[in-house]
Every structure is written in C-alpha cells, then in structure tokens.
$ cat start.txt   # compact mmCIF, N, CA and C atoms and all ligand atoms
# COMPACT_ATOMS: atom_id res chain seq x y z
N MET A 1 -27.39 -12.73 -30.68
CA MET A 1 -26.51 -12.57 -29.51
C MET A 1 -25.13 -12.09 -30.00
N ASP A 2 -24.69 -11.03 -29.39
CA ASP A 2 -23.54 -10.33 -29.93
C ASP A 2 -22.26 -10.53 -29.12
N CYS A 3 -22.36 -11.29 -28.03
CA CYS A 3 -21.23 -11.37 -27.09
C CYS A 3 -20.21 -12.41 -27.58
N ILE A 4 -18.98 -11.98 -27.78
CA ILE A 4 -17.95 -12.88 -28.31
C ILE A 4 -17.68 -14.04 -27.34
N PHE A 5 -17.73 -13.79 -26.05
CA PHE A 5 -17.46 -14.88 -25.10
C PHE A 5 -18.62 -15.88 -25.08
N CYS A 6 -19.86 -15.41 -25.21
CA CYS A 6 -20.99 -16.34 -25.35
C CYS A 6 -20.83 -17.18 -26.61
N LYS A 7 -20.39 -16.55 -27.69
CA LYS A 7 -20.17 -17.29 -28.95
C LYS A 7 -19.12 -18.38 -28.75
N ILE A 8 -18.03 -18.03 -28.06
CA ILE A 8 -16.97 -19.01 -27.79
C ILE A 8 -17.53 -20.18 -26.97
N ILE A 9 -18.33 -19.84 -25.96
CA ILE A 9 -18.87 -20.86 -25.04
C ILE A 9 -19.79 -21.84 -25.77
N ILE A 10 -20.57 -21.34 -26.74
CA ILE A 10 -21.47 -22.26 -27.45
C ILE A 10 -20.84 -22.82 -28.73
N GLY A 11 -19.54 -22.52 -28.93
CA GLY A 11 -18.83 -23.12 -30.06
C GLY A 11 -19.02 -22.41 -31.38
N LYS A 12 -19.57 -21.18 -31.33
CA LYS A 12 -19.79 -20.42 -32.58
C LYS A 12 -18.62 -19.50 -32.92
N ALA A 13 -17.64 -19.44 -32.02
CA ALA A 13 -16.39 -18.72 -32.31
C ALA A 13 -15.25 -19.56 -31.74
N GLU A 14 -14.08 -19.41 -32.36
CA GLU A 14 -12.94 -20.25 -32.00
C GLU A 14 -12.25 -19.77 -30.73
N ALA A 15 -11.77 -20.74 -29.96
CA ALA A 15 -10.89 -20.42 -28.82
C ALA A 15 -10.15 -21.70 -28.45
N VAL A 16 -9.07 -21.53 -27.72
CA VAL A 16 -8.30 -22.69 -27.24
C VAL A 16 -8.59 -22.84 -25.75
N PHE A 17 -9.35 -23.89 -25.43
CA PHE A 17 -9.82 -24.08 -24.05
C PHE A 17 -8.77 -24.76 -23.17
N LEU A 18 -8.70 -24.30 -21.93
CA LEU A 18 -7.86 -24.94 -20.92
C LEU A 18 -8.71 -25.65 -19.88
N HIS A 19 -9.98 -25.30 -19.81
CA HIS A 19 -10.85 -25.88 -18.79
C HIS A 19 -12.31 -25.69 -19.19
N GLU A 20 -13.14 -26.70 -18.88
CA GLU A 20 -14.59 -26.58 -19.07
C GLU A 20 -15.29 -27.34 -17.96
N ASP A 21 -16.25 -26.73 -17.30
CA ASP A 21 -17.13 -27.47 -16.39
C ASP A 21 -18.52 -26.85 -16.45
N ASP A 22 -19.40 -27.23 -15.50
CA ASP A 22 -20.80 -26.77 -15.59
C ASP A 22 -20.95 -25.26 -15.39
N LEU A 23 -20.04 -24.68 -14.63
CA LEU A 23 -20.20 -23.26 -14.26
C LEU A 23 -19.32 -22.31 -15.05
N VAL A 24 -18.09 -22.74 -15.34
CA VAL A 24 -17.12 -21.83 -15.98
C VAL A 24 -16.33 -22.54 -17.07
N VAL A 25 -15.76 -21.73 -17.95
CA VAL A 25 -14.78 -22.24 -18.92
C VAL A 25 -13.53 -21.36 -18.79
N ALA A 26 -12.42 -21.87 -19.31
CA ALA A 26 -11.21 -21.03 -19.39
C ALA A 26 -10.59 -21.25 -20.75
N PHE A 27 -10.14 -20.16 -21.35
CA PHE A 27 -9.46 -20.26 -22.65
C PHE A 27 -8.35 -19.24 -22.71
N LEU A 28 -7.46 -19.43 -23.68
CA LEU A 28 -6.31 -18.53 -23.81
C LEU A 28 -6.74 -17.19 -24.40
N ASP A 29 -6.19 -16.12 -23.86
CA ASP A 29 -6.46 -14.78 -24.38
C ASP A 29 -5.88 -14.66 -25.79
N ILE A 30 -6.64 -14.02 -26.67
CA ILE A 30 -6.21 -13.88 -28.07
C ILE A 30 -5.02 -12.92 -28.22
N MET A 31 -4.87 -12.02 -27.23
CA MET A 31 -3.79 -11.03 -27.29
C MET A 31 -3.06 -11.02 -25.94
N PRO A 32 -2.28 -12.08 -25.69
CA PRO A 32 -1.73 -12.28 -24.34
C PRO A 32 -0.66 -11.27 -23.95
N VAL A 33 -0.67 -10.91 -22.67
CA VAL A 33 0.43 -10.11 -22.10
C VAL A 33 1.71 -10.94 -22.14
N ASN A 34 1.60 -12.20 -21.78
CA ASN A 34 2.68 -13.18 -21.89
C ASN A 34 2.05 -14.52 -22.29
N GLU A 35 2.87 -15.43 -22.79
CA GLU A 35 2.36 -16.75 -23.18
C GLU A 35 1.70 -17.41 -21.96
N GLY A 36 0.49 -17.94 -22.17
CA GLY A 36 -0.22 -18.60 -21.08
C GLY A 36 -1.32 -17.73 -20.46
N HIS A 37 -1.38 -16.45 -20.84
CA HIS A 37 -2.43 -15.54 -20.34
C HIS A 37 -3.80 -16.17 -20.64
N ALA A 38 -4.54 -16.42 -19.56
CA ALA A 38 -5.82 -17.13 -19.71
C ALA A 38 -6.97 -16.31 -19.14
N LEU A 39 -8.18 -16.63 -19.59
CA LEU A 39 -9.39 -15.97 -19.10
C LEU A 39 -10.32 -17.04 -18.55
N VAL A 40 -10.80 -16.84 -17.32
CA VAL A 40 -11.80 -17.74 -16.75
C VAL A 40 -13.14 -17.02 -16.83
N VAL A 41 -14.13 -17.70 -17.40
CA VAL A 41 -15.36 -17.03 -17.82
C VAL A 41 -16.58 -17.84 -17.37
N PRO A 42 -17.54 -17.22 -16.68
CA PRO A 42 -18.76 -17.97 -16.35
C PRO A 42 -19.53 -18.34 -17.61
N ARG A 43 -20.14 -19.51 -17.62
CA ARG A 43 -20.92 -19.91 -18.80
C ARG A 43 -22.10 -18.97 -19.04
N GLU A 44 -22.75 -18.56 -17.95
CA GLU A 44 -23.89 -17.65 -18.09
C GLU A 44 -23.40 -16.25 -18.43
N HIS A 45 -24.13 -15.57 -19.28
CA HIS A 45 -23.75 -14.20 -19.62
C HIS A 45 -24.12 -13.24 -18.49
N HIS A 46 -23.09 -12.67 -17.86
CA HIS A 46 -23.28 -11.59 -16.88
C HIS A 46 -22.27 -10.52 -17.25
N GLU A 47 -22.73 -9.29 -17.30
CA GLU A 47 -21.80 -8.22 -17.66
C GLU A 47 -20.84 -7.94 -16.50
N ARG A 48 -21.36 -8.00 -15.28
CA ARG A 48 -20.54 -7.65 -14.11
C ARG A 48 -20.70 -8.68 -13.01
N VAL A 49 -19.74 -8.70 -12.09
CA VAL A 49 -19.75 -9.74 -11.05
C VAL A 49 -20.91 -9.60 -10.06
N GLU A 50 -21.49 -8.40 -9.96
CA GLU A 50 -22.57 -8.19 -8.98
C GLU A 50 -23.72 -9.19 -9.15
N THR A 51 -23.97 -9.61 -10.37
CA THR A 51 -25.15 -10.45 -10.62
C THR A 51 -24.82 -11.95 -10.64
N LEU A 52 -23.54 -12.28 -10.48
CA LEU A 52 -23.17 -13.72 -10.45
C LEU A 52 -23.65 -14.35 -9.16
N ASP A 53 -24.12 -15.58 -9.23
CA ASP A 53 -24.45 -16.26 -7.97
C ASP A 53 -23.14 -16.60 -7.25
N GLU A 54 -23.26 -16.78 -5.93
CA GLU A 54 -22.09 -16.97 -5.06
C GLU A 54 -21.22 -18.17 -5.50
N ALA A 55 -21.87 -19.28 -5.83
CA ALA A 55 -21.13 -20.50 -6.17
C ALA A 55 -20.28 -20.26 -7.43
N THR A 56 -20.85 -19.57 -8.42
CA THR A 56 -20.13 -19.32 -9.66
C THR A 56 -18.97 -18.36 -9.41
N TYR A 57 -19.25 -17.31 -8.62
CA TYR A 57 -18.20 -16.33 -8.31
C TYR A 57 -17.00 -17.00 -7.63
N LEU A 58 -17.28 -17.83 -6.63
CA LEU A 58 -16.18 -18.49 -5.90
C LEU A 58 -15.46 -19.49 -6.80
N HIS A 59 -16.22 -20.19 -7.62
CA HIS A 59 -15.64 -21.20 -8.51
C HIS A 59 -14.71 -20.56 -9.54
N LEU A 60 -15.08 -19.38 -10.01
CA LEU A 60 -14.25 -18.64 -10.97
C LEU A 60 -12.83 -18.48 -10.42
N PHE A 61 -12.75 -18.10 -9.14
CA PHE A 61 -11.43 -17.90 -8.52
C PHE A 61 -10.73 -19.21 -8.21
N LYS A 62 -11.50 -20.22 -7.88
CA LYS A 62 -10.89 -21.54 -7.62
C LYS A 62 -10.24 -22.07 -8.90
N ILE A 63 -10.97 -21.99 -10.00
CA ILE A 63 -10.41 -22.47 -11.26
C ILE A 63 -9.23 -21.58 -11.68
N GLY A 64 -9.33 -20.30 -11.41
CA GLY A 64 -8.22 -19.39 -11.70
C GLY A 64 -6.94 -19.81 -10.97
N ARG A 65 -7.08 -20.17 -9.71
CA ARG A 65 -5.90 -20.59 -8.94
C ARG A 65 -5.36 -21.93 -9.44
N ASP A 66 -6.25 -22.86 -9.77
CA ASP A 66 -5.81 -24.16 -10.31
C ASP A 66 -5.02 -23.95 -11.61
N LEU A 67 -5.58 -23.10 -12.47
CA LEU A 67 -4.92 -22.82 -13.76
C LEU A 67 -3.57 -22.15 -13.57
N MET A 68 -3.54 -21.22 -12.62
CA MET A 68 -2.28 -20.53 -12.32
C MET A 68 -1.19 -21.55 -11.99
N ARG A 69 -1.54 -22.54 -11.20
CA ARG A 69 -0.55 -23.56 -10.82
C ARG A 69 -0.05 -24.31 -12.06
N GLN A 70 -0.99 -24.63 -12.95
CA GLN A 70 -0.60 -25.35 -14.18
C GLN A 70 0.28 -24.48 -15.08
N ILE A 71 -0.09 -23.21 -15.19
CA ILE A 71 0.68 -22.29 -16.05
C ILE A 71 2.09 -22.12 -15.46
N GLN A 72 2.13 -21.99 -14.13
CA GLN A 72 3.42 -21.85 -13.45
C GLN A 72 4.34 -23.04 -13.76
N THR A 73 3.75 -24.23 -13.74
CA THR A 73 4.52 -25.44 -14.00
C THR A 73 5.02 -25.48 -15.46
N ALA A 74 4.20 -24.93 -16.36
CA ALA A 74 4.53 -25.02 -17.80
C ALA A 74 5.63 -24.07 -18.24
N PHE A 75 5.76 -22.92 -17.56
CA PHE A 75 6.70 -21.90 -18.03
C PHE A 75 7.69 -21.53 -16.92
N ALA A 76 8.91 -22.01 -17.09
CA ALA A 76 9.92 -21.86 -16.03
C ALA A 76 10.26 -20.40 -15.75
N ASP A 77 10.10 -19.54 -16.76
CA ASP A 77 10.49 -18.13 -16.57
C ASP A 77 9.39 -17.27 -15.95
N VAL A 78 8.24 -17.87 -15.69
CA VAL A 78 7.16 -17.13 -15.04
C VAL A 78 7.41 -17.10 -13.54
N THR A 79 7.42 -15.89 -12.97
CA THR A 79 7.77 -15.76 -11.55
C THR A 79 6.61 -15.22 -10.70
N ALA A 80 5.54 -14.75 -11.35
CA ALA A 80 4.45 -14.12 -10.60
C ALA A 80 3.20 -14.08 -11.48
N PHE A 81 2.08 -13.69 -10.87
CA PHE A 81 0.82 -13.61 -11.63
C PHE A 81 0.03 -12.38 -11.21
N ASN A 82 -0.73 -11.84 -12.13
CA ASN A 82 -1.80 -10.90 -11.79
C ASN A 82 -3.14 -11.60 -12.05
N PHE A 83 -4.04 -11.49 -11.08
CA PHE A 83 -5.45 -11.87 -11.27
C PHE A 83 -6.20 -10.55 -11.43
N ILE A 84 -6.84 -10.36 -12.57
CA ILE A 84 -7.50 -9.06 -12.79
C ILE A 84 -8.92 -9.27 -13.32
N ILE A 85 -9.87 -8.56 -12.72
CA ILE A 85 -11.21 -8.42 -13.32
C ILE A 85 -11.45 -6.94 -13.54
N ALA A 86 -11.65 -6.56 -14.79
CA ALA A 86 -12.11 -5.20 -15.08
C ALA A 86 -13.63 -5.26 -14.99
N ASN A 87 -14.19 -4.71 -13.91
CA ASN A 87 -15.63 -4.85 -13.64
C ASN A 87 -16.34 -3.56 -14.02
N GLY A 88 -16.57 -3.39 -15.31
CA GLY A 88 -17.21 -2.17 -15.82
C GLY A 88 -16.28 -1.42 -16.76
N LYS A 89 -16.91 -0.71 -17.69
CA LYS A 89 -16.19 -0.03 -18.77
C LYS A 89 -15.14 0.95 -18.24
N ASP A 90 -15.52 1.71 -17.20
CA ASP A 90 -14.59 2.71 -16.67
C ASP A 90 -13.39 2.09 -15.94
N ALA A 91 -13.48 0.79 -15.69
CA ALA A 91 -12.35 0.06 -15.11
C ALA A 91 -11.54 -0.64 -16.20
N GLY A 92 -11.86 -0.34 -17.45
CA GLY A 92 -11.09 -0.91 -18.56
C GLY A 92 -11.69 -2.15 -19.19
N GLN A 93 -12.94 -2.47 -18.81
CA GLN A 93 -13.56 -3.68 -19.37
C GLN A 93 -13.94 -3.45 -20.83
N GLU A 94 -13.44 -4.31 -21.68
CA GLU A 94 -13.74 -4.20 -23.11
C GLU A 94 -14.76 -5.23 -23.56
N VAL A 95 -14.68 -6.43 -23.00
CA VAL A 95 -15.67 -7.46 -23.34
C VAL A 95 -16.70 -7.52 -22.21
N PRO A 96 -17.96 -7.19 -22.49
CA PRO A 96 -18.96 -7.07 -21.42
C PRO A 96 -19.54 -8.42 -20.98
N HIS A 97 -18.68 -9.37 -20.73
CA HIS A 97 -19.06 -10.67 -20.16
C HIS A 97 -17.96 -10.96 -19.14
N VAL A 98 -18.34 -11.16 -17.87
CA VAL A 98 -17.37 -11.31 -16.77
C VAL A 98 -16.22 -12.24 -17.16
N HIS A 99 -15.00 -11.82 -16.86
CA HIS A 99 -13.84 -12.70 -17.08
C HIS A 99 -12.73 -12.34 -16.11
N LEU A 100 -12.13 -13.39 -15.58
CA LEU A 100 -10.99 -13.23 -14.68
C LEU A 100 -9.72 -13.49 -15.49
N HIS A 101 -8.88 -12.46 -15.59
CA HIS A 101 -7.60 -12.63 -16.28
C HIS A 101 -6.62 -13.34 -15.35
N ILE A 102 -5.96 -14.37 -15.85
CA ILE A 102 -4.85 -15.00 -15.14
C ILE A 102 -3.61 -14.66 -15.98
N ILE A 103 -2.83 -13.72 -15.49
CA ILE A 103 -1.74 -13.18 -16.30
C ILE A 103 -0.40 -13.61 -15.72
N PRO A 104 0.29 -14.51 -16.44
CA PRO A 104 1.63 -14.88 -15.98
C PRO A 104 2.60 -13.72 -16.18
N ARG A 105 3.45 -13.49 -15.20
CA ARG A 105 4.35 -12.35 -15.24
C ARG A 105 5.80 -12.77 -15.11
N LYS A 106 6.67 -12.01 -15.72
CA LYS A 106 8.11 -12.21 -15.56
C LYS A 106 8.76 -10.85 -15.37
N LEU A 107 9.85 -10.85 -14.65
CA LEU A 107 10.56 -9.60 -14.36
C LEU A 107 10.88 -8.88 -15.67
N GLY A 108 10.53 -7.59 -15.73
CA GLY A 108 10.89 -6.79 -16.90
C GLY A 108 9.99 -6.99 -18.11
N ASP A 109 8.80 -7.61 -17.93
CA ASP A 109 7.94 -7.84 -19.10
C ASP A 109 7.22 -6.57 -19.57
N GLY A 110 7.30 -5.51 -18.77
CA GLY A 110 6.76 -4.22 -19.23
C GLY A 110 5.30 -3.99 -18.93
N PHE A 111 4.60 -5.01 -18.44
CA PHE A 111 3.19 -4.84 -18.10
C PHE A 111 3.09 -4.17 -16.73
N GLY A 112 2.09 -3.34 -16.51
CA GLY A 112 1.96 -2.74 -15.18
C GLY A 112 0.74 -1.86 -15.08
N TYR A 113 0.50 -1.33 -13.89
CA TYR A 113 -0.62 -0.43 -13.67
C TYR A 113 -0.20 0.99 -14.03
N LYS A 114 -1.16 1.73 -14.53
CA LYS A 114 -0.91 3.14 -14.80
C LYS A 114 -1.69 3.94 -13.76
N PHE A 115 -0.98 4.74 -12.96
CA PHE A 115 -1.64 5.50 -11.91
C PHE A 115 -2.04 6.88 -12.42
N GLY A 116 -3.18 7.36 -11.94
CA GLY A 116 -3.67 8.67 -12.35
C GLY A 116 -3.08 9.78 -11.50
N PRO A 117 -3.44 11.04 -11.82
CA PRO A 117 -2.87 12.20 -11.12
C PRO A 117 -3.25 12.27 -9.64
N ASN A 118 -4.33 11.58 -9.23
CA ASN A 118 -4.74 11.60 -7.83
C ASN A 118 -3.94 10.64 -6.96
N TYR A 119 -3.13 9.83 -7.61
CA TYR A 119 -2.37 8.83 -6.85
C TYR A 119 -1.08 9.44 -6.31
N GLY A 120 -0.66 9.02 -5.10
CA GLY A 120 0.65 9.44 -4.61
C GLY A 120 0.56 10.26 -3.33
N LYS A 121 -0.67 10.68 -2.99
CA LYS A 121 -0.85 11.48 -1.78
C LYS A 121 -1.28 10.54 -0.64
N ILE A 122 -0.54 10.62 0.50
CA ILE A 122 -0.92 9.78 1.64
C ILE A 122 -2.18 10.37 2.28
N VAL A 123 -3.18 9.52 2.51
CA VAL A 123 -4.44 9.95 3.09
C VAL A 123 -4.38 9.71 4.60
N SER A 124 -4.69 10.75 5.38
CA SER A 124 -4.54 10.68 6.85
C SER A 124 -5.46 9.62 7.44
N ILE A 125 -5.15 9.21 8.66
CA ILE A 125 -5.98 8.18 9.32
C ILE A 125 -7.40 8.68 9.50
N ASP A 126 -7.58 10.00 9.77
CA ASP A 126 -8.94 10.54 9.94
C ASP A 126 -9.72 10.52 8.63
N GLU A 127 -9.04 10.89 7.56
CA GLU A 127 -9.72 10.84 6.25
C GLU A 127 -10.08 9.39 5.89
N ARG A 128 -9.19 8.46 6.22
CA ARG A 128 -9.50 7.05 5.94
C ARG A 128 -10.68 6.58 6.78
N LYS A 129 -10.74 7.05 8.04
CA LYS A 129 -11.88 6.69 8.91
C LYS A 129 -13.18 7.24 8.31
N ALA A 130 -13.12 8.48 7.78
CA ALA A 130 -14.31 9.09 7.16
C ALA A 130 -14.74 8.28 5.93
N THR A 131 -13.76 7.81 5.19
CA THR A 131 -14.09 6.98 4.01
C THR A 131 -14.75 5.67 4.43
N ALA A 132 -14.18 5.05 5.47
CA ALA A 132 -14.75 3.79 5.95
C ALA A 132 -16.19 4.00 6.42
N LYS A 133 -16.45 5.15 7.07
CA LYS A 133 -17.80 5.46 7.56
C LYS A 133 -18.78 5.55 6.38
N LYS A 134 -18.33 6.23 5.31
CA LYS A 134 -19.20 6.34 4.12
C LYS A 134 -19.58 4.96 3.58
N ILE A 135 -18.57 4.06 3.59
CA ILE A 135 -18.81 2.72 3.03
C ILE A 135 -19.68 1.87 3.95
N LEU A 136 -19.42 1.99 5.25
CA LEU A 136 -20.05 1.06 6.19
C LEU A 136 -21.40 1.55 6.72
N ASP A 137 -21.64 2.88 6.71
CA ASP A 137 -22.88 3.45 7.24
C ASP A 137 -24.03 3.36 6.24
N ARG A 138 -24.39 2.20 5.86
CA ARG A 138 -25.56 2.10 4.99
C ARG A 138 -26.18 0.72 5.07
P1 LIG B 201 -10.99 -6.69 -20.73
O1 LIG B 201 -10.33 -5.44 -21.19
O2 LIG B 201 -10.70 -7.01 -19.29
O3 LIG B 201 -12.47 -6.72 -21.07
O4 LIG B 201 -10.28 -7.86 -21.53
C1 LIG B 201 -10.81 -8.48 -22.65
C2 LIG B 201 -9.80 -9.52 -23.06
O5 LIG B 201 -10.43 -10.40 -23.95
C3 LIG B 201 -8.57 -8.93 -23.77
O6 LIG B 201 -7.39 -9.35 -23.09
C4 LIG B 201 -8.67 -9.52 -25.17
O7 LIG B 201 -7.41 -9.81 -25.74
C5 LIG B 201 -9.49 -10.77 -24.93
N1 LIG B 201 -10.26 -11.23 -26.09
C6 LIG B 201 -11.07 -10.50 -26.88
N2 LIG B 201 -11.59 -11.27 -27.85
C7 LIG B 201 -11.13 -12.52 -27.64
C8 LIG B 201 -11.30 -13.78 -28.31
N3 LIG B 201 -12.07 -13.89 -29.41
N4 LIG B 201 -10.66 -14.85 -27.83
C9 LIG B 201 -9.86 -14.74 -26.74
N5 LIG B 201 -9.66 -13.61 -26.08
C10 LIG B 201 -10.27 -12.51 -26.51
ZN ZN B 202 -21.69 -13.26 -23.06
$ encode --input "start.txt" --output "structure tokens" --more "lines below"
Ligand code: AMP
Ligand code: ZN
Amino acid sequence: MDCIFCKIIIGKAEAVFLHEDDLVVAFLDIMPVNEGHALVVPREHHERVETLDEATYLHLFKIGRDLMRQIQTAFADVTAFNFIIANGKDAGQEVPHVHLHIIPRKLGDGFGYKFGPNYGKIVSIDERKATAKKILDR
C-alpha cells in the first residue's frame, strides 16, 4: 500500500494527530500555509469524495468545523479560514486520499487563489440559465 495518508492512519508513518474517531482522523499538515493548518481525512482510502458514504462525508466537515474553532482559540492572530478539498489531480490534488484542508488565515499571509485567463468575464443571465440547464437536465 503506497498511500502516505493510509500509512499515517495505521501508524506506519509519523504525524501529529489532533483528532481520531471511527470515521475520520485529523493531523497537522507537514507543510502548513500557517501554523495550525490541519487535514481531516477519512480512515477508509477513497481517492475522491464521490465514493465516500454520506455519514463519513458529513462527519468530515463537522470535525473540520470543530477543529477550526479550536485552532481559532489557539492563535489570536488568525482572523479567517479556508476549507479546501482538491478533488482530483486537475484541481491540484497531490495526495490521492480524500482530505479536507482547514487553513487558518491572517491578513497579508500571501496565500490565495490563482485565477486563470478565463476568469474576469461576467456571464449573462441567459448564459447562466443555459449552464444550469446543462447541469439539471439529466
Ligand atoms: P493536496 O494538494 O490537496 O493533495 O494537499 C496535500 C497536502 O498533504 C499538502 O498540504 C501536503 O503538505 C500534505 N502532506 C503531504 N504529506 C504529508 C505528511 N506525511 N504528513 C502531513 N501532511 C502531508
Ligand atoms: Zn489512503
């Protein structure tokens, strides 16, 4: 088994845990955006969220929110958070085992989204309606 997060979960690789229960674990990111950057990870190996059962998916976010509150309390200079899941390689996923990033943020920390060349054009209400039809008509 080659998955680093599976190795962490079964104790075959090191990590600093913040939470463990039957469905998910949480540990500190090895390369944090800011101190306290944590990852909430389902115990079962799933590459993407599509295959997670509903209870595990919802629990992942519940534990993420609980942890966020704790991290907020621990670091007075943290003013905001990003919750991020990179769901697939083309979305920036590097570790192919589902993980929810809980990223503590502070003003001016330099972290942010990078927009591509297609970003910045306002899409008309009719084009948005056509997009919604594509999504909903199936
Ligand atoms: P992503 O690009 O969303 O797949 O993020 C993977 C995250 O896992 C990155 O933020 C890495 O720093 C983190 N990471 C990779 N290996 C480890 C590890 N052994 N322990 C803790 N975090 C890790
Ligand atoms: Zn895994």
$ residues_around --input "start.txt" --residues "segment 84-100 of chain A" --least-positions-apart "6" --cutoff "8 Å" --atoms "only C-alpha atoms" --output "PyMOL selection string"
chain A and resi 3-6+39-42+45-49+60-61+64
$ write_last_selection --input "start.txt" --atoms "N, CA and C atoms" --output "PDB file, in the coordinates of the input"
ATOM      1  N   CYS A   3     -22.360 -11.290 -28.030  1.00  0.00           N
ATOM      2  CA  CYS A   3     -21.230 -11.370 -27.090  1.00  0.00           C
ATOM      3  C   CYS A   3     -20.210 -12.410 -27.580  1.00  0.00           C
ATOM      4  N   ILE A   4     -18.980 -11.980 -27.780  1.00  0.00           N
ATOM      5  CA  ILE A   4     -17.950 -12.880 -28.310  1.00  0.00           C
ATOM      6  C   ILE A   4     -17.680 -14.040 -27.340  1.00  0.00           C
ATOM      7  N   PHE A   5     -17.730 -13.790 -26.050  1.00  0.00           N
ATOM      8  CA  PHE A   5     -17.460 -14.880 -25.100  1.00  0.00           C
ATOM      9  C   PHE A   5     -18.620 -15.880 -25.080  1.00  0.00           C
ATOM     10  N   CYS A   6     -19.860 -15.410 -25.210  1.00  0.00           N
ATOM     11  CA  CYS A   6     -20.990 -16.340 -25.350  1.00  0.00           C
ATOM     12  C   CYS A   6     -20.830 -17.180 -26.610  1.00  0.00           C
ATOM     13  N   LEU A  39      -8.180 -16.630 -19.590  1.00  0.00           N
ATOM     14  CA  LEU A  39      -9.390 -15.970 -19.100  1.00  0.00           C
ATOM     15  C   LEU A  39     -10.320 -17.040 -18.550  1.00  0.00           C
ATOM     16  N   VAL A  40     -10.800 -16.840 -17.320  1.00  0.00           N
ATOM     17  CA  VAL A  40     -11.800 -17.740 -16.750  1.00  0.00           C
ATOM     18  C   VAL A  40     -13.140 -17.020 -16.830  1.00  0.00           C
ATOM     19  N   VAL A  41     -14.130 -17.700 -17.400  1.00  0.00           N
ATOM     20  CA  VAL A  41     -15.360 -17.030 -17.820  1.00  0.00           C
ATOM     21  C   VAL A  41     -16.580 -17.840 -17.370  1.00  0.00           C
ATOM     22  N   PRO A  42     -17.540 -17.220 -16.680  1.00  0.00           N
ATOM     23  CA  PRO A  42     -18.760 -17.970 -16.350  1.00  0.00           C
ATOM     24  C   PRO A  42     -19.530 -18.340 -17.610  1.00  0.00           C
ATOM     25  N   HIS A  45     -24.130 -15.570 -19.280  1.00  0.00           N
ATOM     26  CA  HIS A  45     -23.750 -14.200 -19.620  1.00  0.00           C
ATOM     27  C   HIS A  45     -24.120 -13.240 -18.490  1.00  0.00           C
ATOM     28  N   HIS A  46     -23.090 -12.670 -17.860  1.00  0.00           N
ATOM     29  CA  HIS A  46     -23.280 -11.590 -16.880  1.00  0.00           C
ATOM     30  C   HIS A  46     -22.270 -10.520 -17.250  1.00  0.00           C
ATOM     31  N   GLU A  47     -22.730  -9.290 -17.300  1.00  0.00           N
ATOM     32  CA  GLU A  47     -21.800  -8.220 -17.660  1.00  0.00           C
ATOM     33  C   GLU A  47     -20.840  -7.940 -16.500  1.00  0.00           C
ATOM     34  N   ARG A  48     -21.360  -8.000 -15.280  1.00  0.00           N
ATOM     35  CA  ARG A  48     -20.540  -7.650 -14.110  1.00  0.00           C
ATOM     36  C   ARG A  48     -20.700  -8.680 -13.010  1.00  0.00           C
ATOM     37  N   VAL A  49     -19.740  -8.700 -12.090  1.00  0.00           N
ATOM     38  CA  VAL A  49     -19.750  -9.740 -11.050  1.00  0.00           C
ATOM     39  C   VAL A  49     -20.910  -9.600 -10.060  1.00  0.00           C
ATOM     40  N   LEU A  60     -15.080 -19.380 -10.010  1.00  0.00           N
ATOM     41  CA  LEU A  60     -14.250 -18.640 -10.970  1.00  0.00           C
ATOM     42  C   LEU A  60     -12.830 -18.480 -10.420  1.00  0.00           C
ATOM     43  N   PHE A  61     -12.750 -18.100  -9.140  1.00  0.00           N
ATOM     44  CA  PHE A  61     -11.430 -17.900  -8.520  1.00  0.00           C
ATOM     45  C   PHE A  61     -10.730 -19.210  -8.210  1.00  0.00           C
ATOM     46  N   GLY A  64      -9.330 -20.300 -11.410  1.00  0.00           N
ATOM     47  CA  GLY A  64      -8.220 -19.390 -11.700  1.00  0.00           C
ATOM     48  C   GLY A  64      -6.940 -19.810 -10.970  1.00  0.00           C
TER      49      GLY A  64
END
$ atom_distance --input "start.txt" --atom1 "atom N of Gly108 of chain A" --atom2 "atom O2 of ligand LIG 201 (chain B)"
21.5 Å
$ residues_around --input "start.txt" --residues "Asp29 of chain A" --least-positions-apart "2" --cutoff "5 Å" --atoms "all atoms listed in the file" --output "PDB file with N, CA and C atoms, in the frame of the given file"
ATOM      1  N   PHE A  27     -10.140 -20.160 -21.350  1.00  0.00           N
ATOM      2  CA  PHE A  27      -9.460 -20.260 -22.650  1.00  0.00           C
ATOM      3  C   PHE A  27      -8.350 -19.240 -22.710  1.00  0.00           C
ATOM      4  N   MET A  31      -4.870 -12.020 -27.230  1.00  0.00           N
ATOM      5  CA  MET A  31      -3.790 -11.030 -27.290  1.00  0.00           C
ATOM      6  C   MET A  31      -3.060 -11.020 -25.940  1.00  0.00           C
ATOM      7  N   PRO A  32      -2.280 -12.080 -25.690  1.00  0.00           N
ATOM      8  CA  PRO A  32      -1.730 -12.280 -24.340  1.00  0.00           C
ATOM      9  C   PRO A  32      -0.660 -11.270 -23.950  1.00  0.00           C
ATOM     10  N   HIS A  37      -1.380 -16.450 -20.840  1.00  0.00           N
ATOM     11  CA  HIS A  37      -2.430 -15.540 -20.340  1.00  0.00           C
ATOM     12  C   HIS A  37      -3.800 -16.170 -20.640  1.00  0.00           C
ATOM     13  N   ALA A  38      -4.540 -16.420 -19.560  1.00  0.00           N
ATOM     14  CA  ALA A  38      -5.820 -17.130 -19.710  1.00  0.00           C
ATOM     15  C   ALA A  38      -6.970 -16.310 -19.140  1.00  0.00           C
ATOM     16  N   LEU A  39      -8.180 -16.630 -19.590  1.00  0.00           N
ATOM     17  CA  LEU A  39      -9.390 -15.970 -19.100  1.00  0.00           C
ATOM     18  C   LEU A  39     -10.320 -17.040 -18.550  1.00  0.00           C
TER      19      LEU A  39
END
$ atom_distance --input "start.txt" --atom1 "atom N of Phe83 of chain A" --atom2 "atom N of Leu67 of chain A"
11.8 Å
$ residues_around --input "start.txt" --residues "Asp77 of chain A" --least-positions-apart "2" --cutoff "9 Å" --atoms "only C-alpha atoms" --output "ChimeraX atom specification"
/A:72,75,79,105-107
$ atom_distance --input "start.txt" --atom1 "atom C9 of ligand LIG 201 (chain B)" --atom2 "atom CA of Gly110 of chain A"
21.1 Å
$ select_by_dssp --input "start.txt" --residues "segment 21-117 of chain A" --states "helix (DSSP H, G or I)" --output "PyMOL selection string"
chain A and resi 49-51+54-74+89-91
$ select_by_dssp --input "start.txt" --residues "segment 52-128 of chain A" --states "strand (DSSP E or B)" --output "ChimeraX atom specification"
/A:80-84,100-105
$ closest_residue --input "start.txt" --among "A:Val123, A:Ile9, A:Met1, A:Leu28" --to "ligand LIG 201 (chain B)" --atoms "only C-alpha atoms and all ligand atoms"
A:Leu28
$ residues_around --input "start.txt" --residues "Ile63 of chain A" --least-positions-apart "4" --cutoff "10 Å" --atoms "only C-alpha atoms" --output "list in words"
His19, Glu20, Asp21, Val24, Val25, Ala26, Val40, Val41, Leu58, His59, Leu67, Met68, Arg69 and Leu100 of chain A
$ closest_residue --input "start.txt" --among "A:Asp126, A:Asp137, A:Glu14, A:Asp2" --to "ligand ZN 202 (chain B)" --atoms "only N, CA and C atoms and all ligand atoms"
A:Asp2
